[in-house]
Amino acid sequence: MDSHKKLNLNLKIWRQKNAKTKGKFELYKVSDISTGASFLEMLDILNEQLIRENKEPVAFDHDCREGICGMCSLYINGRAHGPDTGITTCQLHMRMFKDGETIVIEPWRSIAFPVIKDLITDRSAFDRIMAAGGFISVNTSGNTLDANAVAIPKDDADKAMDAAACISCGACVACCPNGAAMLFVGAKVSHFALLPQGRIEAKRRVLNMVKAMDEEGFGNCSVIGACEVECPKNISLDNIARMNREYMSAWISTE
């Protein structure tokens, strides 16, 4: 016997053909949604309903549906990834909502993330920032040293692992009033800055990644802290401070 409650909901969803056309909110109703369903499953049900009615389904991004890939990026009732904390949209369940509630669903809000269609945005700006320096150049000819042979302090290893947990979803940008990508870049810089393998290219990395971030049109950080609150992986603001220190050190040494 199904112990989950059923919800009847009003959905106010942003519809937009592409970045060059004006978008608008459209209202939909869904019925008998189980509180045990995920948010994306609820959208699947809506799209099945729209298809049966010969209407165009709502376009939204998704992939793993396990909180790993960061693709399922939606702005729900004024919050990135919805009303729960420390989760992605695909991990959000309908038990967080009430029967008869109106749910407002929007794409990420950022000039640097233009709308592709409806709720899908183009986040390739993050890819270009990573290509500018978010990697380690390694000769893989067979002469490389085993990583486990390099001694790393436990505290540094833990901080690097915490920074590496960033899934590049863009929630930090979407919830920031400035549209800043500092938490994302800070996490990617910190991941390598804390490890000896990343120190060789540290100056080039941070200078290039910050330059790429600025060129993509992201805003600057004013330490409001919304990014840390809404990050599904709880990435700390400490990573922004570390990136700023790395940047200033690299900038001064090149002057």
# chains A, B, ... in the order shown; residues from 1 in each chain; ligands from 1
call {"tool": "select_by_dssp", "arguments": {"residues": "segment 32-116 of chain A", "states": "strand (DSSP E)", "output": "PDB file with all heavy atoms, in the first residue's frame"}}
result
ATOM      1  N   ASP A  32      -2.375  14.429  -8.503  1.00  0.00           N
ATOM      2  CA  ASP A  32      -2.000  13.119  -7.955  1.00  0.00           C
ATOM      3  C   ASP A  32      -0.496  12.865  -8.010  1.00  0.00           C
ATOM      4  O   ASP A  32      -0.043  11.775  -8.371  1.00  0.00           O
ATOM      5  CB  ASP A  32      -2.747  11.997  -8.690  1.00  0.00           C
ATOM      6  CG  ASP A  32      -4.255  12.090  -8.491  1.00  0.00           C
ATOM      7  OD1 ASP A  32      -4.681  12.502  -7.397  1.00  0.00           O
ATOM      8  OD2 ASP A  32      -4.994  11.755  -9.433  1.00  0.00           O
ATOM      9  N   ILE A  33       0.278  13.886  -7.660  1.00  0.00           N
ATOM     10  CA  ILE A  33       1.730  13.738  -7.609  1.00  0.00           C
ATOM     11  C   ILE A  33       2.129  13.181  -6.249  1.00  0.00           C
ATOM     12  O   ILE A  33       1.806  13.743  -5.207  1.00  0.00           O
ATOM     13  CB  ILE A  33       2.435  15.097  -7.826  1.00  0.00           C
ATOM     14  CG1 ILE A  33       2.036  15.703  -9.171  1.00  0.00           C
ATOM     15  CG2 ILE A  33       3.946  14.929  -7.738  1.00  0.00           C
ATOM     16  CD1 ILE A  33       2.445  14.885 -10.374  1.00  0.00           C
ATOM     17  N   SER A  34       2.816  12.058  -6.237  1.00  0.00           N
ATOM     18  CA  SER A  34       3.224  11.429  -4.989  1.00  0.00           C
ATOM     19  C   SER A  34       4.289  12.259  -4.286  1.00  0.00           C
ATOM     20  O   SER A  34       5.209  12.796  -4.921  1.00  0.00           O
ATOM     21  CB  SER A  34       3.776  10.026  -5.270  1.00  0.00           C
ATOM     22  OG  SER A  34       4.365   9.478  -4.104  1.00  0.00           O
ATOM     23  N   TYR A  75      15.842  26.976 -10.883  1.00  0.00           N
ATOM     24  CA  TYR A  75      15.566  27.965  -9.840  1.00  0.00           C
ATOM     25  C   TYR A  75      14.120  27.761  -9.421  1.00  0.00           C
ATOM     26  O   TYR A  75      13.198  27.989 -10.204  1.00  0.00           O
ATOM     27  CB  TYR A  75      15.780  29.375 -10.412  1.00  0.00           C
ATOM     28  CG  TYR A  75      16.317  30.365  -9.419  1.00  0.00           C
ATOM     29  CD1 TYR A  75      17.649  30.312  -9.017  1.00  0.00           C
ATOM     30  CD2 TYR A  75      15.509  31.354  -8.872  1.00  0.00           C
ATOM     31  CE1 TYR A  75      18.162  31.224  -8.108  1.00  0.00           C
ATOM     32  CE2 TYR A  75      16.006  32.260  -7.962  1.00  0.00           C
ATOM     33  CZ  TYR A  75      17.332  32.195  -7.586  1.00  0.00           C
ATOM     34  OH  TYR A  75      17.839  33.099  -6.676  1.00  0.00           O
ATOM     35  N   ILE A  76      13.910  27.303  -8.189  1.00  0.00           N
ATOM     36  CA  ILE A  76      12.595  26.870  -7.735  1.00  0.00           C
ATOM     37  C   ILE A  76      12.140  27.704  -6.545  1.00  0.00           C
ATOM     38  O   ILE A  76      12.809  27.727  -5.504  1.00  0.00           O
ATOM     39  CB  ILE A  76      12.625  25.372  -7.350  1.00  0.00           C
ATOM     40  CG1 ILE A  76      13.127  24.539  -8.541  1.00  0.00           C
ATOM     41  CG2 ILE A  76      11.254  24.901  -6.903  1.00  0.00           C
ATOM     42  CD1 ILE A  76      13.521  23.125  -8.157  1.00  0.00           C
ATOM     43  N   ARG A  79      14.841  29.923  -5.120  1.00  0.00           N
ATOM     44  CA  ARG A  79      16.078  29.354  -4.614  1.00  0.00           C
ATOM     45  C   ARG A  79      16.696  28.405  -5.637  1.00  0.00           C
ATOM     46  O   ARG A  79      15.978  27.664  -6.314  1.00  0.00           O
ATOM     47  CB  ARG A  79      15.836  28.590  -3.308  1.00  0.00           C
ATOM     48  CG  ARG A  79      15.499  29.476  -2.122  1.00  0.00           C
ATOM     49  CD  ARG A  79      15.478  28.682  -0.837  1.00  0.00           C
ATOM     50  NE  ARG A  79      16.792  28.110  -0.515  1.00  0.00           N
ATOM     51  CZ  ARG A  79      17.031  27.365   0.567  1.00  0.00           C
ATOM     52  NH1 ARG A  79      16.051  27.096   1.405  1.00  0.00           N
ATOM     53  NH2 ARG A  79      18.242  26.881   0.784  1.00  0.00           N
ATOM     54  N   ALA A  80      18.020  28.443  -5.733  1.00  0.00           N
ATOM     55  CA  ALA A  80      18.721  27.516  -6.613  1.00  0.00           C
ATOM     56  C   ALA A  80      18.559  26.101  -6.080  1.00  0.00           C
ATOM     57  O   ALA A  80      18.812  25.838  -4.900  1.00  0.00           O
ATOM     58  CB  ALA A  80      20.201  27.879  -6.689  1.00  0.00           C
ATOM     59  N   THR A 102       1.543  26.728  -5.393  1.00  0.00           N
ATOM     60  CA  THR A 102       2.029  27.184  -6.696  1.00  0.00           C
ATOM     61  C   THR A 102       3.549  27.185  -6.657  1.00  0.00           C
ATOM     62  O   THR A 102       4.153  27.827  -5.794  1.00  0.00           O
ATOM     63  CB  THR A 102       1.518  28.595  -7.027  1.00  0.00           C
ATOM     64  OG1 THR A 102       0.093  28.559  -7.149  1.00  0.00           O
ATOM     65  CG2 THR A 102       2.118  29.100  -8.340  1.00  0.00           C
ATOM     66  N   ILE A 103       4.164  26.457  -7.579  1.00  0.00           N
ATOM     67  CA  ILE A 103       5.616  26.347  -7.627  1.00  0.00           C
ATOM     68  C   ILE A 103       6.130  27.130  -8.835  1.00  0.00           C
ATOM     69  O   ILE A 103       5.716  26.890  -9.972  1.00  0.00           O
ATOM     70  CB  ILE A 103       6.059  24.882  -7.734  1.00  0.00           C
ATOM     71  CG1 ILE A 103       5.480  24.062  -6.574  1.00  0.00           C
ATOM     72  CG2 ILE A 103       7.581  24.786  -7.743  1.00  0.00           C
ATOM     73  CD1 ILE A 103       5.772  22.573  -6.670  1.00  0.00           C
ATOM     74  N   VAL A 104       7.019  28.081  -8.582  1.00  0.00           N
ATOM     75  CA  VAL A 104       7.607  28.898  -9.650  1.00  0.00           C
ATOM     76  C   VAL A 104       8.933  28.272 -10.070  1.00  0.00           C
ATOM     77  O   VAL A 104       9.833  28.085  -9.239  1.00  0.00           O
ATOM     78  CB  VAL A 104       7.829  30.351  -9.188  1.00  0.00           C
ATOM     79  CG1 VAL A 104       8.418  31.187 -10.323  1.00  0.00           C
ATOM     80  CG2 VAL A 104       6.516  30.960  -8.696  1.00  0.00           C
ATOM     81  N   ILE A 105       9.056  27.942 -11.353  1.00  0.00           N
ATOM     82  CA  ILE A 105      10.243  27.242 -11.856  1.00  0.00           C
ATOM     83  C   ILE A 105      10.889  28.071 -12.962  1.00  0.00           C
ATOM     84  O   ILE A 105      10.251  28.390 -13.965  1.00  0.00           O
ATOM     85  CB  ILE A 105       9.873  25.847 -12.400  1.00  0.00           C
ATOM     86  CG1 ILE A 105       9.034  25.079 -11.365  1.00  0.00           C
ATOM     87  CG2 ILE A 105      11.128  25.066 -12.759  1.00  0.00           C
ATOM     88  CD1 ILE A 105       8.420  23.806 -11.901  1.00  0.00           C
ATOM     89  N   GLU A 106      12.156  28.419 -12.771  1.00  0.00           N
ATOM     90  CA  GLU A 106      12.882  29.273 -13.718  1.00  0.00           C
ATOM     91  C   GLU A 106      14.237  28.657 -14.062  1.00  0.00           C
ATOM     92  O   GLU A 106      14.757  27.821 -13.313  1.00  0.00           O
ATOM     93  CB  GLU A 106      13.120  30.658 -13.107  1.00  0.00           C
ATOM     94  CG  GLU A 106      11.888  31.378 -12.600  1.00  0.00           C
ATOM     95  CD  GLU A 106      12.254  32.581 -11.767  1.00  0.00           C
ATOM     96  OE1 GLU A 106      12.708  33.585 -12.356  1.00  0.00           O
ATOM     97  OE2 GLU A 106      12.112  32.525 -10.539  1.00  0.00           O
ATOM     98  N   VAL A 115      19.893  31.473 -22.061  1.00  0.00           N
ATOM     99  CA  VAL A 115      18.895  30.413 -22.187  1.00  0.00           C
ATOM    100  C   VAL A 115      19.025  29.721 -23.541  1.00  0.00           C
ATOM    101  O   VAL A 115      19.102  30.374 -24.584  1.00  0.00           O
ATOM    102  CB  VAL A 115      17.473  30.990 -22.031  1.00  0.00           C
ATOM    103  CG1 VAL A 115      16.423  29.931 -22.370  1.00  0.00           C
ATOM    104  CG2 VAL A 115      17.256  31.486 -20.607  1.00  0.00           C
ATOM    105  N   ILE A 116      19.063  28.412 -23.525  1.00  0.00           N
ATOM    106  CA  ILE A 116      19.024  27.623 -24.760  1.00  0.00           C
ATOM    107  C   ILE A 116      17.575  27.381 -25.147  1.00  0.00           C
ATOM    108  O   ILE A 116      17.161  27.637 -26.276  1.00  0.00           O
ATOM    109  CB  ILE A 116      19.758  26.281 -24.582  1.00  0.00           C
ATOM    110  CG1 ILE A 116      21.253  26.520 -24.323  1.00  0.00           C
ATOM    111  CG2 ILE A 116      19.570  25.391 -25.809  1.00  0.00           C
ATOM    112  CD1 ILE A 116      22.029  25.258 -24.024  1.00  0.00           C
TER     113      ILE A 116
END
call {"tool": "select_by_dssp", "arguments": {"residues": "segment 10-252 of chain A", "states": "alpha helix (DSSP H)", "output": "PDB file with C-alpha atoms, in the first residue's frame"}}
result
ATOM      1  CA  PHE A  39      11.056  17.001  -8.622  1.00  0.00           C
ATOM      2  CA  LEU A  40      12.291  15.817 -12.019  1.00  0.00           C
ATOM      3  CA  GLU A  41       9.823  12.923 -11.970  1.00  0.00           C
ATOM      4  CA  MET A  42       7.076  15.479 -11.408  1.00  0.00           C
ATOM      5  CA  LEU A  43       8.288  17.372 -14.498  1.00  0.00           C
ATOM      6  CA  ASP A  44       8.326  14.081 -16.421  1.00  0.00           C
ATOM      7  CA  ILE A  45       4.670  13.584 -15.492  1.00  0.00           C
ATOM      8  CA  LEU A  46       3.868  17.115 -16.642  1.00  0.00           C
ATOM      9  CA  ASN A  47       5.592  16.534 -19.987  1.00  0.00           C
ATOM     10  CA  GLU A  48       3.728  13.256 -20.531  1.00  0.00           C
ATOM     11  CA  GLN A  49       0.525  15.171 -19.902  1.00  0.00           C
ATOM     12  CA  LEU A  50       1.523  17.906 -22.380  1.00  0.00           C
ATOM     13  CA  ILE A  51       2.437  15.354 -25.045  1.00  0.00           C
ATOM     14  CA  ARG A  52      -0.953  13.668 -24.678  1.00  0.00           C
ATOM     15  CA  SER A 124      29.772  26.308 -21.409  1.00  0.00           C
ATOM     16  CA  ALA A 125      31.377  29.414 -19.858  1.00  0.00           C
ATOM     17  CA  PHE A 126      32.460  27.110 -17.041  1.00  0.00           C
ATOM     18  CA  ASP A 127      34.085  24.779 -19.568  1.00  0.00           C
ATOM     19  CA  ARG A 128      36.070  27.658 -21.049  1.00  0.00           C
ATOM     20  CA  ILE A 129      37.251  28.751 -17.596  1.00  0.00           C
ATOM     21  CA  MET A 130      38.424  25.199 -16.901  1.00  0.00           C
ATOM     22  CA  ALA A 131      40.173  25.044 -20.271  1.00  0.00           C
ATOM     23  CA  ALA A 132      42.064  28.213 -19.331  1.00  0.00           C
ATOM     24  CA  GLY A 133      43.798  26.531 -16.418  1.00  0.00           C
ATOM     25  CA  LYS A 154      45.827  15.309   6.128  1.00  0.00           C
ATOM     26  CA  ASP A 155      44.315  18.778   6.616  1.00  0.00           C
ATOM     27  CA  ASP A 156      45.390  19.891   3.131  1.00  0.00           C
ATOM     28  CA  ALA A 157      44.127  16.667   1.560  1.00  0.00           C
ATOM     29  CA  ASP A 158      40.739  17.086   3.237  1.00  0.00           C
ATOM     30  CA  LYS A 159      40.409  20.698   2.094  1.00  0.00           C
ATOM     31  CA  ALA A 160      41.415  19.759  -1.460  1.00  0.00           C
ATOM     32  CA  MET A 161      38.830  16.961  -1.478  1.00  0.00           C
ATOM     33  CA  ASP A 162      36.135  19.332  -0.212  1.00  0.00           C
ATOM     34  CA  ALA A 163      36.962  21.798  -3.011  1.00  0.00           C
ATOM     35  CA  ALA A 164      36.992  19.005  -5.595  1.00  0.00           C
ATOM     36  CA  ALA A 171      23.972  27.428  -8.399  1.00  0.00           C
ATOM     37  CA  CYS A 172      26.541  29.847  -6.955  1.00  0.00           C
ATOM     38  CA  VAL A 173      26.187  32.083 -10.008  1.00  0.00           C
ATOM     39  CA  ALA A 174      22.403  31.812 -10.175  1.00  0.00           C
ATOM     40  CA  CYS A 175      21.800  32.888  -6.576  1.00  0.00           C
ATOM     41  CA  MET A 182      33.977  33.171  -7.626  1.00  0.00           C
ATOM     42  CA  LEU A 183      32.921  30.125  -5.602  1.00  0.00           C
ATOM     43  CA  PHE A 184      33.208  27.882  -8.660  1.00  0.00           C
ATOM     44  CA  VAL A 185      36.609  29.263  -9.695  1.00  0.00           C
ATOM     45  CA  GLY A 186      37.751  29.370  -6.071  1.00  0.00           C
ATOM     46  CA  ALA A 187      36.937  25.684  -5.646  1.00  0.00           C
ATOM     47  CA  LYS A 188      38.752  24.706  -8.843  1.00  0.00           C
ATOM     48  CA  VAL A 189      41.818  26.794  -7.954  1.00  0.00           C
ATOM     49  CA  SER A 190      41.854  25.544  -4.344  1.00  0.00           C
ATOM     50  CA  HIS A 191      41.669  21.927  -5.407  1.00  0.00           C
ATOM     51  CA  PHE A 192      45.089  22.241  -7.038  1.00  0.00           C
ATOM     52  CA  ALA A 193      46.580  24.998  -4.849  1.00  0.00           C
ATOM     53  CA  PRO A 196      51.958  19.649  -4.410  1.00  0.00           C
ATOM     54  CA  GLN A 197      51.050  18.404  -7.895  1.00  0.00           C
ATOM     55  CA  GLY A 198      49.314  21.715  -8.551  1.00  0.00           C
ATOM     56  CA  ARG A 199      51.968  24.097  -7.280  1.00  0.00           C
ATOM     57  CA  ALA A 202      49.783  27.585  -9.701  1.00  0.00           C
ATOM     58  CA  LYS A 203      50.541  31.153 -10.849  1.00  0.00           C
ATOM     59  CA  ARG A 204      49.649  30.545 -14.484  1.00  0.00           C
ATOM     60  CA  ARG A 205      46.507  28.682 -13.467  1.00  0.00           C
ATOM     61  CA  VAL A 206      44.943  31.311 -11.219  1.00  0.00           C
ATOM     62  CA  LEU A 207      45.820  34.237 -13.507  1.00  0.00           C
ATOM     63  CA  ASN A 208      44.360  32.522 -16.570  1.00  0.00           C
ATOM     64  CA  MET A 209      41.224  31.243 -14.862  1.00  0.00           C
ATOM     65  CA  VAL A 210      40.372  34.606 -13.284  1.00  0.00           C
ATOM     66  CA  LYS A 211      40.981  36.334 -16.610  1.00  0.00           C
ATOM     67  CA  ALA A 212      38.695  33.848 -18.372  1.00  0.00           C
ATOM     68  CA  MET A 213      36.039  34.327 -15.682  1.00  0.00           C
ATOM     69  CA  ASP A 214      36.058  38.095 -16.211  1.00  0.00           C
ATOM     70  CA  GLU A 215      35.937  37.730 -19.994  1.00  0.00           C
ATOM     71  CA  ALA A 226      24.373  33.178  -0.834  1.00  0.00           C
ATOM     72  CA  CYS A 227      26.615  30.947  -2.940  1.00  0.00           C
ATOM     73  CA  GLU A 228      27.815  28.966   0.065  1.00  0.00           C
ATOM     74  CA  VAL A 229      24.249  28.610   1.383  1.00  0.00           C
ATOM     75  CA  GLU A 230      22.797  27.349  -1.903  1.00  0.00           C
ATOM     76  CA  ASP A 238      37.209  29.877   2.304  1.00  0.00           C
ATOM     77  CA  ASN A 239      37.945  28.798  -1.256  1.00  0.00           C
ATOM     78  CA  ILE A 240      37.248  32.311  -2.540  1.00  0.00           C
ATOM     79  CA  ALA A 241      39.658  33.743   0.022  1.00  0.00           C
ATOM     80  CA  ARG A 242      42.285  31.181  -1.005  1.00  0.00           C
ATOM     81  CA  MET A 243      41.823  32.039  -4.675  1.00  0.00           C
ATOM     82  CA  ASN A 244      42.230  35.760  -3.885  1.00  0.00           C
ATOM     83  CA  ARG A 245      45.481  35.056  -2.039  1.00  0.00           C
ATOM     84  CA  GLU A 246      46.737  32.897  -4.889  1.00  0.00           C
ATOM     85  CA  TYR A 247      45.803  35.593  -7.414  1.00  0.00           C
ATOM     86  CA  MET A 248      47.477  38.449  -5.517  1.00  0.00           C
ATOM     87  CA  SER A 249      50.651  36.413  -5.030  1.00  0.00           C
ATOM     88  CA  ALA A 250      50.747  35.497  -8.726  1.00  0.00           C
ATOM     89  CA  TRP A 251      49.964  39.045  -9.865  1.00  0.00           C
ATOM     90  CA  ILE A 252      52.623  40.643  -7.658  1.00  0.00           C
TER      91      ILE A 252
END
call {"tool": "closest_residue", "arguments": {"among": "A:Lys55, A:Lys22, A:His4, A:His81", "to": "Cys231 of chain A", "atoms": "only C-alpha atoms"}}
result
A:His81
call {"tool": "residues_around", "arguments": {"residues": "Glu66 of chain A", "least_positions_apart": "6", "cutoff": "9 Å", "atoms": "only C-alpha atoms", "output": "PyMOL selection string"}}
result
chain A and resi 88+90-91
call {"tool": "write_last_selection", "arguments": {"atoms": "all heavy atoms", "output": "PDB file, in the first residue's frame"}}
result
ATOM      1  N   THR A  88      20.928  18.673  -4.993  1.00  0.00           N
ATOM      2  CA  THR A  88      20.641  19.162  -6.330  1.00  0.00           C
ATOM      3  C   THR A  88      19.144  19.000  -6.613  1.00  0.00           C
ATOM      4  O   THR A  88      18.427  18.344  -5.854  1.00  0.00           O
ATOM      5  CB  THR A  88      21.439  18.365  -7.371  1.00  0.00           C
ATOM      6  OG1 THR A  88      21.152  16.973  -7.205  1.00  0.00           O
ATOM      7  CG2 THR A  88      22.934  18.595  -7.209  1.00  0.00           C
ATOM      8  N   CYS A  90      17.595  17.184  -8.735  1.00  0.00           N
ATOM      9  CA  CYS A  90      17.158  15.795  -8.908  1.00  0.00           C
ATOM     10  C   CYS A  90      16.993  15.070  -7.584  1.00  0.00           C
ATOM     11  O   CYS A  90      16.315  14.045  -7.510  1.00  0.00           O
ATOM     12  CB  CYS A  90      18.116  15.033  -9.817  1.00  0.00           C
ATOM     13  SG  CYS A  90      19.784  14.835  -9.139  1.00  0.00           S
ATOM     14  N   GLN A  91      17.615  15.590  -6.521  1.00  0.00           N
ATOM     15  CA  GLN A  91      17.485  14.986  -5.197  1.00  0.00           C
ATOM     16  C   GLN A  91      16.350  15.605  -4.384  1.00  0.00           C
ATOM     17  O   GLN A  91      16.070  15.145  -3.277  1.00  0.00           O
ATOM     18  CB  GLN A  91      18.802  15.136  -4.431  1.00  0.00           C
ATOM     19  CG  GLN A  91      19.974  14.395  -5.062  1.00  0.00           C
ATOM     20  CD  GLN A  91      21.286  14.730  -4.386  1.00  0.00           C
ATOM     21  OE1 GLN A  91      21.712  15.881  -4.351  1.00  0.00           O
ATOM     22  NE2 GLN A  91      21.939  13.728  -3.825  1.00  0.00           N
TER      23      GLN A  91
END
call {"tool": "atom_distance", "arguments": {"atom1": "atom CA of Ile111 of chain A", "atom2": "atom CA of Cys64 of chain A"}}
result
26.2 Å
call {"tool": "atom_distance", "arguments": {"atom1": "atom CA of Met71 of chain A", "atom2": "atom CA of Ala37 of chain A"}}
result
18.6 Å
call {"tool": "residues_around", "arguments": {"residues": "Asn18 of chain A", "least_positions_apart": "4", "cutoff": "12 Å", "atoms": "only C-alpha atoms", "output": "number ranges by chain"}}
result
A: 14, 22-24, 59, 107, 113-122
